[in-house]
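These notes concern the structure reproduced below.
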Amino acid sequence: MGYTQQLVADRMGVSKSTYCGYETGKRQPDVEKIKQLAHILQTSGDRLLETGFHTDADQKCDEILSVFQSLKPAFQDCALEQMKKLAELQGKG
């Protein structure tokens, strides 16, 4: 995502060296830190932990969420309305 280790560490409330330890495998984050990191990186805990439970549908959801979150609020409202209309059309087909 282009984040620096310092930025992610700050958002997680840990030191840069602690976060670096997570990346290198020298330290193991607890469940709450994994949840926090997944939120920061806009992904799932499954993907972070490489459990193999992450499906193609999950990947598409991650991509949709990433694009949606990059939009300004007014455009988010528009995008949500368009997705609802697509869902309605699908239900009629």
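Residues are referred to by chain and number: the chain letter is A, B, ... according to the order shown in the structure tokens, the number counts from 1 in that chain, and ligands are numbered separately from 1 in the order shown.
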Excluding Leu65 of chain A and residues on its chain fewer than 6 positions from it, collect all residues at most 12 Å away from it, counting only C-alpha atoms, and give them as an mmCIF file with N, CA and C atoms, in the first residue's frame.
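Heads up, here's the output in part_17.cif:
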```
data_model
loop_
_atom_site.group_PDB
_atom_site.id
_atom_site.type_symbol
_atom_site.label_atom_id
_atom_site.label_comp_id
_atom_site.auth_asym_id
_atom_site.auth_seq_id
_atom_site.Cartn_x
_atom_site.Cartn_y
_atom_site.Cartn_z
ATOM 1 N N HIS A 39 -7.150 -4.142 9.244
ATOM 2 C CA HIS A 39 -7.953 -2.947 8.990
ATOM 3 C C HIS A 39 -7.099 -1.857 8.341
ATOM 4 N N LEU A 41 -4.387 -2.153 6.597
ATOM 5 C CA LEU A 41 -3.959 -2.546 5.259
ATOM 6 C C LEU A 41 -5.127 -2.903 4.338
ATOM 7 N N GLN A 42 -6.345 -2.747 4.844
ATOM 8 C CA GLN A 42 -7.559 -3.002 4.078
ATOM 9 C C GLN A 42 -7.556 -4.407 3.472
ATOM 10 N N THR A 43 -7.317 -5.382 4.329
ATOM 11 C CA THR A 43 -7.313 -6.780 3.900
ATOM 12 C C THR A 43 -7.928 -7.621 5.016
ATOM 13 N N SER A 44 -7.795 -8.908 4.929
ATOM 14 C CA SER A 44 -8.350 -9.799 5.955
ATOM 15 C C SER A 44 -7.233 -10.417 6.782
ATOM 16 N N ASP A 58 -13.361 -13.113 -1.813
ATOM 17 C CA ASP A 58 -12.765 -12.231 -0.802
ATOM 18 C C ASP A 58 -11.825 -11.231 -1.459
ATOM 19 N N GLN A 59 -11.065 -11.704 -2.438
ATOM 20 C CA GLN A 59 -10.119 -10.828 -3.130
ATOM 21 C C GLN A 59 -10.876 -9.727 -3.866
ATOM 22 N N LEU A 71 -12.584 6.805 -2.758
ATOM 23 C CA LEU A 71 -13.491 7.830 -3.277
ATOM 24 C C LEU A 71 -13.827 8.872 -2.220
ATOM 25 N N GLN A 76 -18.791 8.096 -2.892
ATOM 26 C CA GLN A 76 -19.111 6.837 -2.221
ATOM 27 C C GLN A 76 -20.616 6.627 -2.216
ATOM 28 N N ALA A 79 -21.651 5.602 -5.703
ATOM 29 C CA ALA A 79 -21.215 4.239 -5.992
ATOM 30 C C ALA A 79 -22.108 3.223 -5.291
ATOM 31 N N LEU A 80 -22.459 3.505 -4.040
ATOM 32 C CA LEU A 80 -23.330 2.596 -3.300
ATOM 33 C C LEU A 80 -24.701 2.488 -3.957
#
```
Distance in Å - atom CA of Met12 of chain A versus atom CA of Asp56 of chain A: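 Between atom CA of Met12 of chain A and atom CA of Asp56 of chain A the gap is 27.8 Å.
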Counting only C-alpha atoms, the residue of A:Ile34, A:Asp10, A:Ile40, A:Thr4 that sits nearest Gln69 of chain A: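 Among the listed residues, A:Ile40 lies closest to Gln69 of chain A.
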Expected answer as JSON, numbers by chain: alpha helix (DSSP H) residues in segment 45-82 of chain A: {"A": [45, 46, 47, 48, 49, 56, 57, 58, 59, 60, 61, 62, 63, 64, 65, 66, 67, 68, 69, 70, 73, 74, 75, 76, 77, 78, 79, 80, 81, 82]}
One-decimal distance in Å that lies between atom CA of Asp77 of chain A and atom CA of Tyr3 of chain A: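 Atom-to-atom, atom CA of Tyr3 of chain A and atom CA of Asp77 of chain A are spaced 26.8 Å apart.
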All residues 10 Å or closer to Lys16 of chain A, only C-alpha atoms, same chain fewer than 4 positions away omitted, as a PyMOL selection string: chain A and resi 4-10+12+20-22
Writer output for current selection, N, CA and C atoms, as a PDB file, in the first residue's frame:
```pdb
ATOM      1  N   THR A   4       4.856   3.440   5.081  1.00  0.00           N
ATOM      2  CA  THR A   4       6.146   3.185   5.725  1.00  0.00           C
ATOM      3  C   THR A   4       5.908   2.347   6.975  1.00  0.00           C
ATOM      4  N   GLN A   5       6.955   1.688   7.429  1.00  0.00           N
ATOM      5  CA  GLN A   5       6.844   0.927   8.671  1.00  0.00           C
ATOM      6  C   GLN A   5       6.470   1.854   9.822  1.00  0.00           C
ATOM      7  N   GLN A   6       7.018   3.057   9.825  1.00  0.00           N
ATOM      8  CA  GLN A   6       6.731   4.001  10.902  1.00  0.00           C
ATOM      9  C   GLN A   6       5.258   4.383  10.919  1.00  0.00           C
ATOM     10  N   LEU A   7       4.673   4.618   9.746  1.00  0.00           N
ATOM     11  CA  LEU A   7       3.261   4.983   9.674  1.00  0.00           C
ATOM     12  C   LEU A   7       2.381   3.869  10.208  1.00  0.00           C
ATOM     13  N   VAL A   8       2.643   2.636   9.772  1.00  0.00           N
ATOM     14  CA  VAL A   8       1.837   1.502  10.232  1.00  0.00           C
ATOM     15  C   VAL A   8       2.024   1.299  11.736  1.00  0.00           C
ATOM     16  N   ALA A   9       3.266   1.387  12.192  1.00  0.00           N
ATOM     17  CA  ALA A   9       3.542   1.236  13.624  1.00  0.00           C
ATOM     18  C   ALA A   9       2.786   2.288  14.429  1.00  0.00           C
ATOM     19  N   ASP A  10       2.809   3.536  13.959  1.00  0.00           N
ATOM     20  CA  ASP A  10       2.087   4.606  14.655  1.00  0.00           C
ATOM     21  C   ASP A  10       0.591   4.321  14.717  1.00  0.00           C
ATOM     22  N   MET A  12      -0.823   1.477  14.642  1.00  0.00           N
ATOM     23  CA  MET A  12      -1.065   0.322  15.508  1.00  0.00           C
ATOM     24  C   MET A  12      -0.770   0.622  16.975  1.00  0.00           C
ATOM     25  N   CYS A  20       8.471  -3.918  12.801  1.00  0.00           N
ATOM     26  CA  CYS A  20       9.476  -4.552  11.945  1.00  0.00           C
ATOM     27  C   CYS A  20       9.618  -6.032  12.320  1.00  0.00           C
ATOM     28  N   GLY A  21       9.558  -6.317  13.613  1.00  0.00           N
ATOM     29  CA  GLY A  21       9.614  -7.700  14.080  1.00  0.00           C
ATOM     30  C   GLY A  21       8.448  -8.519  13.562  1.00  0.00           C
ATOM     31  N   TYR A  22       7.260  -7.901  13.456  1.00  0.00           N
ATOM     32  CA  TYR A  22       6.104  -8.595  12.879  1.00  0.00           C
ATOM     33  C   TYR A  22       6.384  -8.943  11.417  1.00  0.00           C
TER      34      TYR A  22
END
```
